[in-house]
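Novice: Dropping the structure in here first, questions after.
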There are 2 protein chains.
Amino acid sequence: MKALYFTGNRSFDLRPSVPQPPQPGEVQLKVAYCGVCGTDVHLYHGAMAGRLRLPQVIGHEVAGEITAVGSGATGWRVGDRVTVRPLQPGEEDPSDNGQTHIGKNLKFMGIDSPGGMQAYWNVPAHTLHRLPENLSLTLGALIEPLAVACHDVRLGELRAGEFVVVLGGGPIGLLIALVARQRGAHVLVSEINPARRQLAETLGLATVDPQEQDLAAHVATFTDGAMADVLFEVTGATAGVQAMTGLARVRGRIVLVAIHSEPKPVDLFRFFWRELRLIGARVYEPEDFEEAIALAAGGALPLASLITQISPLAEAPTVFETIDRNPAGMKYLLQC
Amino acid sequence: MKALYFTGNRSFDLRPSVPQPPQPGEVQLKVAYCGVCGTDVHLYHGAMAGRLRLPQVIGHEVAGEITAVGSGATGWRVGDRVTVRPLQPGEEDPSDNGQTHIGKNLKFMGIDSPGGMQAYWNVPAHTLHRLPENLSLTLGALIEPLAVACHDVRLGELRAGEFVVVLGGGPIGLLIALVARQRGAHVLVSEINPARRQLAETLGLATVDPQEQDLAAHVATFTDGAMADVLFEVTGATAGVQAMTGLARVRGRIVLVAIHSEPKPVDLFRFFWRELRLIGARVYEPEDFEEAIALAAGGALPLASLITQISPLAEAPTVFETIDRNPAGMKYLLQC
């Protein structure tokens with residue numbers, strides 16, 4: 001029973017995971033699997049260092065079983081299989097507009113407080129979502145990123161029959177593509193990495209290499225001249241921002257999923273000229289988790305194909321190194 | 001009876017306006033007043049030269065009376081008082097998404113075809129909107145820019161009680177502010193020009209000089225910390241683009257009204273972090289004209305205060321020079 005402590009400088013320390021009795025309103029989880037998120041890799045690289053308290057357990061894509069229930073955590077029992085929506089709303093700010101999932105004083109579990117890369121993890125009961133019996137705990141560890149995708153697609157107000165272009169075919173991009181296809185959209189994934197394109201193709205998704213082809217011309221052909229109803233910018237790259245405005249039809253919606261840490265030049269004239277919409281989308285709300293669980297349990301999405309590797313928690317240092325070296329990889333899970 | 005021909009190089013030529021019999025589907029207008037739009041000033045400065053056929057009559061903010069009715073222009077009679085929605089949709093493109101008011105092959109009257117700065121102007125009957133008897137023809141010439149404001153406010157999905165910040169207090173900015181206030185919003189106008197701020201204040205609008213005050217702090221005070229529900233970017237300036245993302249509350253809507261001819265750096269992180277929306281808005285649809293006419297005829301908006309000067313058409317060259325020299329001016333009308 002181990003806990004993985006990030007110690008800074010791309011280093012980890014494995015220590016015993018000592019189960020703690022849950023506080024009021026909490027449950028104690030025995031974590032089965034914790035996925036490695038792009039955010040975890042950013043932390044590993046030194047990002048957001050001011051928010052961590054080293055040494056700290058990170059990780060927030062979790063599935064597990066309840067092993068103890070604190071007072072007041074009503075509705076939960078030992079043995080319940082759950083995933084965690086790792087958001088702890090803080091005091092509400094007037095500018096939050098009632099959106100507690102992205103409020104000013106929000107804390108993100110696994111960054112602002114200890115995370116899930118450990119055998120035993122105490123979490124507030126309000127963060128739990130129940131996993132149905134027919135959903136494996138490996139797929140349960142994909143619910144959090146799948147909920148991101150559900151949130152993005154929901155905010156894009158996607159309707160069946162619409163043309164969708166996903167810019168960036170990493171884990172979130174492919175999950176968005178799969179959710180959009182499930183909703184009845186015609187989906188094209190733009191991705192420069194050939195291994196990621198190949199995986200997308202094996203999932204039955206149309207792909208394009210924007211470095212080899214004229215992306216706007218390709219989208220025009222794919223959509224019979226209509227261009228995209230909804231775009232998802234998931235690259236985080238300047239090239240994605242440059243491309244997005246030229247791919248949307250009149251009143252097309254561009255959902256901004258990626259983190260762009262620096263201001264980037266945007267073709268605002270095109271927003272005006274074609275009445276485009278840009279829609280920022282961050283994390284998720286409870287209904288996105290419920291939808292993600294229903295989609296995963298329904299079995300219509302080829303989620304297992306996105307799992308590149310499942311490794312024991314003790315091998316996490318090697319896993320993080322592998323992710324850095326292997327841009328073809330998709331989703332890595334740690335068995336906790 | 002004159003027609004004002006723009007001959008390029010900031011020059012005009014006055015020639016006789018010879019009434020022409022209307023073609024099928026057209027009416028012949030006797031133009032009473034034609035407003036000078038910022039677009040006309042851009043044309044005067046040499047912009048969009050490739051779309052003009054010099055010498056050309058420009059202008060598109062018109063009120064007048066029908067003097068002849070072509071065959072098939074049913075529903076219209078000589079003597080009807082009207083304004084013109086100066087859009088001629090072309091062949092529909094698949095990427096237009098059914099939005100004919102901004103379609104790929106749209107022609108704008110007064111740029112792509114002769115405009116209204118002449119005594120007699122033939123226009124397609126489908127562009128007409130009837131002016132009620134109680135609405136003067138001077139105010140009738142303000143309906144077109146007021147319809148722009150109605151369109152912008154409608155696309156911003158403004159609700160009563162919301163906080164609005166208008167960046168840029170020129171004619172369109174002030175019309176947006178007045179429409180938003182009429183809809184029950186709390187409105188703040190940010191404008192660097194003291195004369196424009198003073199005019200806004202006389203209209204009862206709150207103003208701020210963004211070069212003298214910390215705009216974000218001022219908006220925070222104005223909104224009791226809530227920040228803006230809806231922003232209108234009407235400056236066309238880099239400073240407006242830099243400011244806008246810091247003034248919106250979570251899920252705030254930023255309506256992009258101004259023309260930004262070059263890509264500008266946008267804080268995309270803020271769009272992501274606070275789930276902001278950017279909404280491009282261009283010209284108008286028929287319902288915006290109907291709303292503008294109802295608002296103007298209802299008398300609740302102080303529209304007459306926006307008219308800086310009414311001049312005979314023959315003085316148009318001087319008027320264009322005056323506009324260049326007098327940034328405090330608001331709306332100039334030409335009596336045709």
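Lettering and numbering for the structure tokens are positional, with chains as A, B, ... in the shown order, residues counted from 1 in each chain, and ligands counted from 1 in the shown order.
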Within 8 Å of Arg77 of chain B, counting only C-alpha atoms, which residues qualify if same-chain residues fewer than 5 places away don't, as a VMD selection string?

Specialist: chain B and resid 66 68 to 69

Novice: Pull the strand (DSSP E or B) assignments for segment 46-194 of chain A out of DSSP run on the backbone, and list those residues as a ChimeraX atom specification.

Specialist: /A:56-57,61-69,81-84,87-88,107-109,113,118,120-124,128-130,163-167,186-190

Novice: Please report as a compact mmCIF listing (two decimals) with all heavy atoms, in the first residue's frame which residues of chain B come no farther than 9 Å from chain A, using only C-alpha atoms.

Specialist:
# COMPACT_ATOMS: atom_id res chain seq x y z
N ASP B 93 -24.39 30.48 -50.17
CA ASP B 93 -23.26 29.57 -50.08
C ASP B 93 -23.54 28.57 -48.96
O ASP B 93 -24.15 28.94 -47.95
CB ASP B 93 -21.99 30.38 -49.78
CG ASP B 93 -20.75 29.53 -49.81
OD1 ASP B 93 -20.17 29.37 -50.89
OD2 ASP B 93 -20.35 29.00 -48.74
N PRO B 94 -23.07 27.30 -49.13
CA PRO B 94 -23.33 26.33 -48.05
C PRO B 94 -22.80 26.79 -46.70
O PRO B 94 -23.37 26.45 -45.66
CB PRO B 94 -22.61 25.07 -48.52
CG PRO B 94 -22.41 25.23 -49.98
CD PRO B 94 -22.35 26.71 -50.27
N SER B 95 -21.73 27.57 -46.70
CA SER B 95 -21.16 27.99 -45.41
C SER B 95 -21.92 29.16 -44.78
O SER B 95 -21.60 29.57 -43.67
CB SER B 95 -19.69 28.38 -45.58
OG SER B 95 -19.57 29.61 -46.27
N ASP B 96 -22.93 29.69 -45.48
CA ASP B 96 -23.70 30.81 -44.92
C ASP B 96 -24.58 30.38 -43.75
O ASP B 96 -25.08 31.23 -43.00
CB ASP B 96 -24.60 31.43 -45.99
CG ASP B 96 -23.83 32.15 -47.07
OD1 ASP B 96 -22.62 32.38 -46.89
OD2 ASP B 96 -24.44 32.47 -48.11
N ASN B 97 -24.84 29.08 -43.66
CA ASN B 97 -25.64 28.57 -42.55
C ASN B 97 -27.03 29.22 -42.52
O ASN B 97 -27.62 29.42 -41.47
CB ASN B 97 -24.89 28.83 -41.24
CG ASN B 97 -25.34 27.93 -40.10
OD1 ASN B 97 -26.10 26.98 -40.31
ND2 ASN B 97 -24.91 28.24 -38.90
N GLY B 98 -27.51 29.59 -43.69
CA GLY B 98 -28.86 30.17 -43.78
C GLY B 98 -28.96 31.62 -43.34
O GLY B 98 -30.05 32.19 -43.34
N GLN B 99 -27.83 32.23 -42.96
CA GLN B 99 -27.84 33.61 -42.46
C GLN B 99 -27.60 34.55 -43.64
O GLN B 99 -26.46 34.96 -43.90
CB GLN B 99 -26.77 33.79 -41.39
CG GLN B 99 -26.91 32.85 -40.20
CD GLN B 99 -28.18 33.11 -39.40
OE1 GLN B 99 -28.61 34.24 -39.26
NE2 GLN B 99 -28.80 32.04 -38.91
N ILE B 102 -25.49 38.01 -43.68
CA ILE B 102 -24.02 38.08 -43.72
C ILE B 102 -23.46 37.00 -44.65
O ILE B 102 -22.36 36.50 -44.44
CB ILE B 102 -23.41 37.95 -42.31
CG1 ILE B 102 -23.93 36.71 -41.59
CG2 ILE B 102 -23.67 39.19 -41.48
CD1 ILE B 102 -23.21 36.42 -40.28
N GLY B 103 -24.24 36.64 -45.66
CA GLY B 103 -23.82 35.58 -46.58
C GLY B 103 -22.58 35.96 -47.36
O GLY B 103 -22.22 37.15 -47.48
N LYS B 104 -21.93 34.94 -47.89
CA LYS B 104 -20.66 35.12 -48.61
C LYS B 104 -20.84 36.04 -49.81
O LYS B 104 -19.94 36.81 -50.15
CB LYS B 104 -20.17 33.74 -49.08
CG LYS B 104 -18.74 33.70 -49.55
CD LYS B 104 -18.33 32.25 -49.77
CE LYS B 104 -16.85 32.14 -50.11
NZ LYS B 104 -16.46 30.71 -50.25
N ALA B 220 -15.46 46.84 -11.28
CA ALA B 220 -15.73 46.09 -10.04
C ALA B 220 -16.57 46.93 -9.09
O ALA B 220 -17.54 46.44 -8.49
CB ALA B 220 -14.41 45.67 -9.38
N ASP B 224 -20.57 46.20 -7.98
CA ASP B 224 -20.47 45.58 -6.65
C ASP B 224 -19.71 44.26 -6.69
O ASP B 224 -20.10 43.27 -6.04
CB ASP B 224 -21.87 45.35 -6.06
CG ASP B 224 -22.46 46.64 -5.50
OD1 ASP B 224 -21.69 47.54 -5.15
OD2 ASP B 224 -23.70 46.73 -5.44
N GLY B 225 -18.67 44.23 -7.48
CA GLY B 225 -17.82 43.03 -7.54
C GLY B 225 -18.26 41.97 -8.52
O GLY B 225 -17.55 40.99 -8.73
N ALA B 226 -19.44 42.15 -9.09
CA ALA B 226 -19.95 41.09 -9.98
C ALA B 226 -19.24 41.08 -11.33
O ALA B 226 -19.16 40.06 -11.98
CB ALA B 226 -21.46 41.28 -10.20
N MET B 227 -18.72 42.23 -11.76
CA MET B 227 -18.16 42.43 -13.10
C MET B 227 -19.27 42.32 -14.15
O MET B 227 -20.43 42.10 -13.82
CB MET B 227 -17.00 41.47 -13.38
CG MET B 227 -15.89 41.50 -12.33
SD MET B 227 -15.18 43.15 -12.01
CE MET B 227 -14.19 43.40 -13.47
N ALA B 228 -18.89 42.54 -15.41
CA ALA B 228 -19.91 42.72 -16.45
C ALA B 228 -20.51 41.40 -16.92
O ALA B 228 -19.80 40.43 -17.17
CB ALA B 228 -19.30 43.44 -17.65
N ASP B 229 -21.85 41.40 -17.03
CA ASP B 229 -22.52 40.26 -17.66
C ASP B 229 -22.31 40.29 -19.17
O ASP B 229 -22.11 39.24 -19.79
CB ASP B 229 -24.03 40.33 -17.38
CG ASP B 229 -24.37 40.15 -15.92
OD1 ASP B 229 -24.30 39.00 -15.45
OD2 ASP B 229 -24.68 41.16 -15.25
N ALA B 248 -15.13 40.90 -17.59
CA ALA B 248 -16.32 40.04 -17.64
C ALA B 248 -16.37 39.10 -16.46
O ALA B 248 -15.34 38.59 -16.01
CB ALA B 248 -16.32 39.23 -18.94
N ARG B 249 -17.54 38.87 -15.95
CA ARG B 249 -17.70 37.86 -14.90
C ARG B 249 -17.70 36.47 -15.54
O ARG B 249 -17.66 36.32 -16.76
CB ARG B 249 -18.99 38.11 -14.13
CG ARG B 249 -20.26 37.80 -14.87
CD ARG B 249 -21.49 38.34 -14.18
NE ARG B 249 -21.57 37.95 -12.78
CZ ARG B 249 -22.69 37.91 -12.06
NH1 ARG B 249 -23.85 38.22 -12.63
NH2 ARG B 249 -22.68 37.56 -10.81
N VAL B 250 -17.76 35.44 -14.73
CA VAL B 250 -17.82 34.07 -15.24
C VAL B 250 -18.98 33.94 -16.23
O VAL B 250 -20.09 34.41 -15.97
CB VAL B 250 -17.97 33.07 -14.07
CG1 VAL B 250 -18.44 31.71 -14.58
CG2 VAL B 250 -16.64 32.91 -13.34
N ARG B 251 -18.69 33.33 -17.36
CA ARG B 251 -19.65 33.14 -18.46
C ARG B 251 -20.19 34.45 -19.02
O ARG B 251 -21.25 34.49 -19.64
CB ARG B 251 -20.80 32.19 -18.07
CG ARG B 251 -20.30 30.75 -17.93
CD ARG B 251 -21.40 29.71 -18.06
NE ARG B 251 -20.82 28.37 -17.94
CZ ARG B 251 -21.51 27.27 -17.73
NH1 ARG B 251 -22.83 27.33 -17.65
NH2 ARG B 251 -20.91 26.10 -17.65
N GLY B 252 -19.43 35.54 -18.81
CA GLY B 252 -19.80 36.81 -19.41
C GLY B 252 -19.73 36.72 -20.92
O GLY B 252 -18.94 35.95 -21.48
N LEU B 256 -18.58 41.30 -30.04
CA LEU B 256 -17.55 41.94 -30.85
C LEU B 256 -18.24 42.70 -31.98
O LEU B 256 -18.72 42.10 -32.95
CB LEU B 256 -16.60 40.88 -31.40
CG LEU B 256 -15.37 41.41 -32.11
CD1 LEU B 256 -14.42 42.05 -31.11
CD2 LEU B 256 -14.68 40.30 -32.87
N VAL B 257 -18.29 44.01 -31.83
CA VAL B 257 -19.00 44.88 -32.76
C VAL B 257 -18.02 45.56 -33.72
O VAL B 257 -18.30 45.72 -34.91
CB VAL B 257 -19.78 45.96 -31.97
CG1 VAL B 257 -20.47 46.93 -32.92
CG2 VAL B 257 -20.79 45.30 -31.03
N ALA B 258 -16.87 45.95 -33.20
CA ALA B 258 -15.91 46.73 -33.99
C ALA B 258 -15.22 45.87 -35.03
O ALA B 258 -15.15 44.64 -34.91
CB ALA B 258 -14.87 47.35 -33.06
N ILE B 259 -14.70 46.54 -36.03
CA ILE B 259 -13.92 45.89 -37.06
C ILE B 259 -12.45 45.96 -36.66
O ILE B 259 -11.90 47.05 -36.48
CB ILE B 259 -14.14 46.58 -38.42
CG1 ILE B 259 -15.60 46.39 -38.86
CG2 ILE B 259 -13.18 46.03 -39.47
CD1 ILE B 259 -15.94 47.10 -40.15
N HIS B 260 -11.85 44.80 -36.49
CA HIS B 260 -10.41 44.72 -36.19
C HIS B 260 -9.74 44.15 -37.43
O HIS B 260 -9.78 42.94 -37.66
CB HIS B 260 -10.16 43.83 -34.98
CG HIS B 260 -10.71 44.39 -33.70
ND1 HIS B 260 -9.96 45.17 -32.85
CD2 HIS B 260 -11.94 44.33 -33.14
CE1 HIS B 260 -10.70 45.56 -31.82
NE2 HIS B 260 -11.91 45.05 -31.97
N SER B 261 -9.13 45.02 -38.21
CA SER B 261 -8.67 44.57 -39.51
C SER B 261 -7.44 43.67 -39.42
O SER B 261 -7.17 42.91 -40.32
CB SER B 261 -8.39 45.76 -40.43
OG SER B 261 -7.65 46.73 -39.75
N GLU B 262 -6.72 43.73 -38.32
CA GLU B 262 -5.56 42.85 -38.13
C GLU B 262 -5.79 41.94 -36.93
O GLU B 262 -6.44 42.36 -35.97
CB GLU B 262 -4.29 43.69 -37.87
CG GLU B 262 -3.87 44.59 -39.01
CD GLU B 262 -3.47 43.79 -40.25
OE1 GLU B 262 -2.85 42.72 -40.08
OE2 GLU B 262 -3.77 44.25 -41.37
N PRO B 263 -5.26 40.70 -36.96
CA PRO B 263 -5.33 39.85 -35.77
C PRO B 263 -4.69 40.54 -34.58
O PRO B 263 -3.67 41.21 -34.72
CB PRO B 263 -4.54 38.59 -36.18
CG PRO B 263 -4.65 38.55 -37.67
CD PRO B 263 -4.63 40.00 -38.10
N LYS B 264 -5.31 40.39 -33.42
CA LYS B 264 -4.79 41.03 -32.21
C LYS B 264 -4.66 40.01 -31.09
O LYS B 264 -5.44 39.05 -31.03
CB LYS B 264 -5.75 42.16 -31.78
CG LYS B 264 -5.62 43.35 -32.72
CD LYS B 264 -6.56 44.47 -32.43
CE LYS B 264 -6.37 45.56 -33.49
NZ LYS B 264 -7.56 46.35 -33.71
N PRO B 265 -3.69 40.23 -30.19
CA PRO B 265 -3.50 39.27 -29.10
C PRO B 265 -4.71 39.24 -28.17
O PRO B 265 -5.16 40.29 -27.69
CB PRO B 265 -2.26 39.79 -28.36
CG PRO B 265 -1.65 40.81 -29.26
CD PRO B 265 -2.74 41.35 -30.12
N VAL B 266 -5.23 38.06 -27.93
CA VAL B 266 -6.40 37.88 -27.07
C VAL B 266 -6.01 36.96 -25.92
O VAL B 266 -5.32 35.96 -26.12
CB VAL B 266 -7.57 37.26 -27.87
CG1 VAL B 266 -8.74 36.93 -26.95
CG2 VAL B 266 -8.01 38.21 -28.98
N ASP B 267 -6.45 37.30 -24.72
CA ASP B 267 -6.17 36.49 -23.54
C ASP B 267 -7.09 35.27 -23.56
O ASP B 267 -8.14 35.25 -22.91
CB ASP B 267 -6.39 37.33 -22.28
CG ASP B 267 -5.97 36.58 -21.02
OD1 ASP B 267 -5.68 35.36 -21.11
OD2 ASP B 267 -5.92 37.21 -19.95
N LEU B 268 -6.69 34.26 -24.31
CA LEU B 268 -7.52 33.05 -24.45
C LEU B 268 -7.58 32.27 -23.15
O LEU B 268 -8.56 31.56 -22.89
CB LEU B 268 -6.97 32.17 -25.58
CG LEU B 268 -7.04 32.82 -26.97
CD1 LEU B 268 -6.29 31.95 -27.99
CD2 LEU B 268 -8.49 33.00 -27.40
N PHE B 269 -6.54 32.41 -22.32
CA PHE B 269 -6.58 31.71 -21.04
C PHE B 269 -7.79 32.16 -20.23
O PHE B 269 -8.49 31.35 -19.61
CB PHE B 269 -5.30 31.98 -20.24
CG PHE B 269 -5.29 31.26 -18.92
CD1 PHE B 269 -4.97 29.92 -18.84
CD2 PHE B 269 -5.65 31.93 -17.75
CE1 PHE B 269 -5.00 29.25 -17.63
CE2 PHE B 269 -5.66 31.26 -16.53
CZ PHE B 269 -5.33 29.92 -16.47
N ARG B 270 -8.04 33.46 -20.26
CA ARG B 270 -9.18 34.01 -19.52
C ARG B 270 -10.51 33.47 -20.07
O ARG B 270 -11.45 33.24 -19.30
CB ARG B 270 -9.14 35.54 -19.62
CG ARG B 270 -10.09 36.26 -18.70
CD ARG B 270 -9.54 36.40 -17.31
NE ARG B 270 -10.46 37.14 -16.47
CZ ARG B 270 -10.30 37.32 -15.17
NH1 ARG B 270 -9.27 36.80 -14.55
NH2 ARG B 270 -11.18 38.00 -14.47
N PHE B 271 -10.60 33.31 -21.38
CA PHE B 271 -11.81 32.71 -21.95
C PHE B 271 -12.02 31.31 -21.39
O PHE B 271 -13.15 30.93 -21.05
CB PHE B 271 -11.71 32.64 -23.49
CG PHE B 271 -12.21 33.90 -24.15
CD1 PHE B 271 -11.34 34.92 -24.47
CD2 PHE B 271 -13.56 34.06 -24.43
CE1 PHE B 271 -11.79 36.10 -25.06
CE2 PHE B 271 -14.02 35.23 -25.02
CZ PHE B 271 -13.14 36.25 -25.34
N PHE B 272 -10.94 30.54 -21.32
CA PHE B 272 -11.00 29.19 -20.75
C PHE B 272 -11.32 29.24 -19.26
O PHE B 272 -12.26 28.60 -18.79
CB PHE B 272 -9.64 28.52 -21.00
CG PHE B 272 -9.35 27.34 -20.11
CD1 PHE B 272 -9.89 26.10 -20.38
CD2 PHE B 272 -8.51 27.49 -19.00
CE1 PHE B 272 -9.61 25.01 -19.55
CE2 PHE B 272 -8.22 26.42 -18.17
CZ PHE B 272 -8.78 25.17 -18.45
N TRP B 273 -10.57 30.04 -18.55
CA TRP B 273 -10.61 30.00 -17.08
C TRP B 273 -11.97 30.41 -16.53
O TRP B 273 -12.43 29.87 -15.53
CB TRP B 273 -9.52 30.93 -16.54
CG TRP B 273 -9.21 30.79 -15.09
CD1 TRP B 273 -9.44 31.71 -14.12
CD2 TRP B 273 -8.58 29.66 -14.46
NE1 TRP B 273 -9.00 31.23 -12.92
CE2 TRP B 273 -8.47 29.98 -13.08
CE3 TRP B 273 -8.11 28.43 -14.92
CZ2 TRP B 273 -7.91 29.08 -12.17
CZ3 TRP B 273 -7.55 27.55 -13.99
CH2 TRP B 273 -7.45 27.88 -12.64
N ARG B 274 -12.62 31.40 -17.16
CA ARG B 274 -13.89 31.91 -16.67
C ARG B 274 -15.05 31.54 -17.60
O ARG B 274 -16.14 32.10 -17.49
CB ARG B 274 -13.83 33.43 -16.50
CG ARG B 274 -12.61 33.88 -15.66
CD ARG B 274 -12.98 35.01 -14.73
NE ARG B 274 -13.41 34.49 -13.45
CZ ARG B 274 -14.04 35.19 -12.50
NH1 ARG B 274 -14.30 36.45 -12.70
NH2 ARG B 274 -14.42 34.62 -11.38
N GLU B 275 -14.77 30.65 -18.56
CA GLU B 275 -15.81 30.22 -19.51
C GLU B 275 -16.51 31.42 -20.15
O GLU B 275 -17.73 31.50 -20.23
CB GLU B 275 -16.81 29.26 -18.86
CG GLU B 275 -16.16 27.92 -18.49
CD GLU B 275 -17.14 26.82 -18.13
OE1 GLU B 275 -18.31 27.12 -17.84
OE2 GLU B 275 -16.73 25.64 -18.17
N LEU B 276 -15.70 32.37 -20.62
CA LEU B 276 -16.24 33.54 -21.31
C LEU B 276 -16.73 33.15 -22.71
O LEU B 276 -16.36 32.10 -23.23
CB LEU B 276 -15.18 34.64 -21.41
CG LEU B 276 -14.53 35.09 -20.11
CD1 LEU B 276 -13.55 36.22 -20.37
CD2 LEU B 276 -15.59 35.51 -19.09
N ARG B 277 -17.55 34.03 -23.27
CA ARG B 277 -18.04 33.82 -24.65
C ARG B 277 -17.70 35.06 -25.46
O ARG B 277 -17.89 36.18 -24.99
CB ARG B 277 -19.57 33.66 -24.65
CG ARG B 277 -20.08 32.76 -23.56
CD ARG B 277 -20.44 31.41 -24.10
NE ARG B 277 -20.66 30.49 -22.99
CZ ARG B 277 -21.68 29.64 -22.94
NH1 ARG B 277 -22.58 29.64 -23.90
NH2 ARG B 277 -21.77 28.79 -21.94
N LEU B 278 -17.27 34.85 -26.68
CA LEU B 278 -17.10 35.94 -27.63
C LEU B 278 -18.14 35.74 -28.73
O LEU B 278 -18.28 34.64 -29.26
CB LEU B 278 -15.69 35.91 -28.23
CG LEU B 278 -15.33 37.07 -29.17
CD1 LEU B 278 -15.17 38.37 -28.37
CD2 LEU B 278 -14.03 36.76 -29.92
N ILE B 279 -18.86 36.80 -29.03
CA ILE B 279 -19.98 36.71 -29.98
C ILE B 279 -19.78 37.77 -31.06
O ILE B 279 -19.91 38.97 -30.81
CB ILE B 279 -21.32 36.96 -29.25
CG1 ILE B 279 -21.52 35.94 -28.12
CG2 ILE B 279 -22.49 36.94 -30.24
CD1 ILE B 279 -22.64 36.30 -27.16
N GLY B 280 -19.42 37.33 -32.25
CA GLY B 280 -19.30 38.26 -33.37
C GLY B 280 -20.68 38.73 -33.80
O GLY B 280 -21.64 37.95 -33.84
N ALA B 281 -20.80 40.04 -34.09
CA ALA B 281 -22.10 40.60 -34.49
C ALA B 281 -21.88 41.58 -35.63
O ALA B 281 -21.07 42.51 -35.50
CB ALA B 281 -22.77 41.29 -33.31
N ARG B 282 -22.61 41.38 -36.73
CA ARG B 282 -22.40 42.21 -37.93
C ARG B 282 -23.75 42.63 -38.51
O ARG B 282 -24.67 41.82 -38.57
CB ARG B 282 -21.60 41.41 -38.95
CG ARG B 282 -21.35 42.11 -40.26
CD ARG B 282 -20.47 41.28 -41.17
NE ARG B 282 -20.65 41.67 -42.56
CZ ARG B 282 -20.65 40.83 -43.59
NH1 ARG B 282 -20.44 39.55 -43.41
NH2 ARG B 282 -20.86 41.27 -44.81

Novice: I'd like to know which of B:Val36, B:Val219, B:Ile111, B:Ala125 is closest to Gln23 of chain B, using only C-alpha atoms.

Specialist: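 Looking at the shortest contact to Gln23 of chain B, the residue is B:Ala125.
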
Novice: For segment 1-13 of chain A, find every residue with an atom within 6 Å (counting only C-alpha atoms), except residues of its own chain fewer than 6 positions away, and show them as an MDAnalysis selection string.

Specialist: chainID A and resid 44 54:57 117:119

Novice: Could you please take those selected residues and save N, CA, C and O atoms as a CSV table (one decimal), in the first residue's frame?

Specialist:
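Output saved as result-v2.csv:
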chain,number,residue,atom,x,y,z
A,44,TYR,N,4.6,17.9,-13.1
A,44,TYR,CA,5.9,17.2,-13.2
A,44,TYR,C,7.0,18.0,-13.8
A,44,TYR,O,8.2,18.0,-13.4
A,54,LEU,N,4.9,20.7,-1.5
A,54,LEU,CA,5.8,19.5,-1.7
A,54,LEU,C,6.3,19.0,-0.3
A,54,LEU,O,6.5,19.8,0.6
A,55,PRO,N,6.5,17.7,-0.2
A,55,PRO,CA,6.1,16.7,-1.1
A,55,PRO,C,4.6,16.5,-1.1
A,55,PRO,O,4.0,16.5,-0.1
A,56,GLN,N,4.0,16.3,-2.3
A,56,GLN,CA,2.5,16.2,-2.4
A,56,GLN,C,2.1,15.0,-3.3
A,56,GLN,O,2.7,14.8,-4.4
A,57,VAL,N,1.1,14.3,-2.9
A,57,VAL,CA,0.4,13.3,-3.8
A,57,VAL,C,-0.4,14.1,-4.8
A,57,VAL,O,-1.2,15.0,-4.4
A,117,MET,N,-3.1,9.6,-6.4
A,117,MET,CA,-2.0,8.6,-6.7
A,117,MET,C,-1.5,7.9,-5.4
A,117,MET,O,-0.3,8.0,-5.0
A,118,GLN,N,-2.4,7.3,-4.7
A,118,GLN,CA,-2.1,6.6,-3.4
A,118,GLN,C,-3.2,5.6,-3.2
A,118,GLN,O,-4.3,5.6,-3.7
A,119,ALA,N,-2.9,4.6,-2.3
A,119,ALA,CA,-3.8,3.5,-2.1
A,119,ALA,C,-5.0,4.0,-1.3
A,119,ALA,O,-6.2,3.6,-1.7

Novice: Can you measure atom CA of Glu233 of chain A to atom CA of Gly169 of chain A for me? One decimal in Å is fine.

Specialist: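 Taking atom CA of Glu233 of chain A as the start and atom CA of Gly169 of chain A as the end point, the length is 10.2 Å.
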
Novice: Select from segment 32-249 of chain A everything DSSP, run on the backbone, classes as helix (DSSP H, G or I), then give the selection as a PyMOL selection string.

Specialist: chain A and resi 38-44+49-51+94-96+100-102+125-127+137-140+143-155+171-182+194-202+215-222+238-244

Novice: Find the residues near segment 182-199 of chain A: any atom within 6 Å, counting only C-alpha atoms, skip ones fewer than 4 places away on the same chain, and give them as a list in words.

Specialist: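 Non-adjacent residues within range: Ala160, Gly161, Glu162, Phe163, Val164, Val165, Val166, Leu167, Gly168, Gly169, Ala206, Thr207, Val208, Asp209 and Ala328 of chain A.
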
Novice: To one decimal place, how far is atom CA of Leu215 of chain A from atom CA of Ser305 of chain A in Å?

Specialist: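 Here the two named atoms are 26.7 Å from each other.
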
Novice: Smallest atom-to-atom distance to Ala147 of chain B: which of B:Gly46, B:Gly64, B:Pro89, B:Pro286, using only C-alpha atoms?

Specialist: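 The answer is B:Pro286, which sits nearest to Ala147 of chain B.
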
Novice: Please list as a PyMOL selection string every residue within 7 Å of Gly25 of chain B, counting only C-alpha atoms and excluding residues in the same chain fewer than 3 positions away.

Specialist: chain B and resi 70-73+124-125

Novice: Can you measure atom CA of Leu231 of chain B to atom CA of Phe289 of chain B for me? One decimal in Å is fine.

Specialist: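 Atom-to-atom, atom CA of Leu231 of chain B to atom CA of Phe289 of chain B, that is 22.0 Å.
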
Novice: Pick out the closest residue to Val230 of chain B from this set: B:Ala63, B:Val153, B:Val78, B:Ala300. Count only C-alpha atoms.

Specialist: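 That would be B:Val153, the residue with the smallest distance to Val230 of chain B.
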
Novice: Measuring atom to atom with only C-alpha atoms, identify which of B:Cys336, B:Val123, B:Leu178, B:Leu158 is nearest to Pro24 of chain B.

Specialist: B:Val123

Novice: I'd like to know which of B:Asp152, B:Glu201, B:Glu133, B:Glu315 is closest to Leu14 of chain B, using only C-alpha atoms.

Specialist: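 Counting only C-alpha atoms, the residue closest to Leu14 of chain B is B:Glu315.
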